[in-house]
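For reference, the structure is listed below as structure tokens.
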There are 2 protein chains.
Amino acid sequence: MTQPVTVAPGTPIHLKDFDAGYCPEKFSRDDGEDALKDNAKKLADLGYRLYAENRRSLLLVLQGMDTAGKDGTIRSMMRGFNPQSCQVTSFKVPSEEERDHGFLWRIHRAMPRHGNIAIFNRSHYEDVLVVKVDRLAPPHEIASRYDRINEFEQMVTESRTTIVKCFLHISHEEQRERLQARLDNPNKRWKFSRGDLDKRKQWEDYVAVYEDALTRCNTHHAPWHIIPSDRKWYRNYVISRILVETLEGMNPQFPPAEDDLDGITVE
Amino acid sequence: MTQPVTVAPGTPIHLKDFDAGYCPEKFSRDDGEDALKDNAKKLADLGYRLYAENRRSLLLVLQGMDTAGKDGTIRSMMRGFNPQSCQVTSFKVPSEEERDHGFLWRIHRAMPRHGNIAIFNRSHYEDVLVVKVDRLAPPHEIASRYDRINEFEQMVTESRTTIVKCFLHISHEEQRERLQARLDNPNKRWKFSRGDLDKRKQWEDYVAVYEDALTRCNTHHAPWHIIPSDRKWYRNYVISRILVETLEGMNPQFPPAEDDLDGITVE
């Protein structure tokens, strides 16, 4: 049985139906790493064509529980993309200036320009996730945000930005192992905070708000992909495959060269 | 004879004294590529420490004639750096908004935050290079910019940003070959414009303004490095070496972990 990565819009998404450790039978780590290398080459070429065409853009949104692998995914995808036409934005706790605007203000500012690719490490979805769990905004305001997000994503799509949204799905046990590893590695311990353990206690709350967000914002123009992420190599392979398929579908073209360049010799 | 990459501040810089095709005897392309790989690993580690320390930052400024290899250098350095803490800014013809501010406004906005690395593809130096050759500002205004640049760079250094400025030095003949290759490669021809040939005719004018800028803005706090760039592999190796030396000199440290994390077991 092959596990799907997308669900038809309108269908409720229950995360327990998706195995975070999934990987197809007879698809080994070596297979995945070879395919990832091939895909990185394709992404380099497709990204270059997108940049040359300078008419459309691509947005990759990454969401997931703590330690789900957003940073690792970004490092992996950037092996293919040219850093000059691909910008990564990390959305942290909003600054005072950001809080003085609507929640989509900082998101809009970070959208990719034509020809470019943007990667969001967290995104506007935090405004219906952590904000909901920690009750950082009035409930009626949060309730209306799903519609605002869908409308925003539709507008962006119509201005020729293709949106790829990936939820990096890890299991509760995998998160335990990754947090413990962070504690036990002297070069990573500085990143560890007791707050990480408090957040882990909210796991079920986060599952609930994620299911809500994934279900309500799973649209035709910007569907959610549920990426089995307990195995890092499989996660990277699947996301690279989705990006290759998306960009191949967009099929960006080199613009025409200036007329009459044939036979010019540079002196 | 080893060719130096820096010159004592105050000494006039004449580009003809620097061989753009230089490479030490008995240092092969394989040697360079092996050393570059080692350096990329070191840069990954040093960049991670800089990010963790979150107190200082690094700015790499790249300047050079057309086709000198600024894009290729950036791709090469980004193999080491984490794209989430390293931002590349390409300074193109200023926008209307940028023109409505002083020439250092857009530069200051692109400076790296603490813990980060910024790479500038072209920079504030364009305001004493193309602007001077094409007479885009009054001469007295351009004349005062060298001082403004030195003051700005000193201020930035004092706010704990280390500046590494590299001039990618190619020969006139090497540029000819690279422009011709661009014309002859169907996937690159879209980038070619007849304007490139007009600019090539201004080669000697550019040599003169570059020598002026390199000499007058070669300071103790932000020296210029003259990188032999006819051989791409040697260029990449030399710049990676300078970055490793600079970051090793900064010696960034992991911040202390929270107290009493020993023996915690994640549940």
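We name chains A, B, ... following the order of the structure tokens; residues begin at 1 in each chain, and ligands are numbered from 1 as shown.
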
Shell around range 257-261 of chain B at 7 Å using only C-alpha atoms, local window under 4 positions removed, as a PyMOL selection string: chain A and resi 189-190+193

With C-alpha atoms kept, could you save the residues just selected as a PDB file, in the first residue's frame?
ATOM      1  CA  ARG A 189      23.047  21.682  23.830  1.00  0.00           C
ATOM      2  CA  TRP A 190      23.123  25.497  23.649  1.00  0.00           C
ATOM      3  CA  SER A 193      15.721  25.001  26.440  1.00  0.00           C
TER       4      SER A 193
END

Selection: 10 Å around Leu15 in chain B, only C-alpha atoms, excl. self and same-chain fewer than 3 positions, as number ranges by chain: B: 12, 18-20, 169-171, 207-208, 210-211, 214, 226

Proximal residues of chain B relative to chain A (only C-alpha atoms; 8 Å) as a ChimeraX atom specification: /B:52,71,74-75,78-79,82-84,87-90,176-177,179-180,183,187,189-193,197,254-258,261,264-267

DSSP alpha helix (DSSP H) residues within range 33-245 of chain B, listed as a PyMOL selection string: chain B and resi 33-53+70-77+96-99+105-109+130-133+139-158+172-184+194-201+203-216+232-245

Using only C-alpha atoms: which of A:Gly80, A:Val238, A:Thr161, A:Phe152 has the shortest distance to Ala118 in chain A: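 Checking each candidate against Ala118 in chain A, we get A:Thr161 as the closest.
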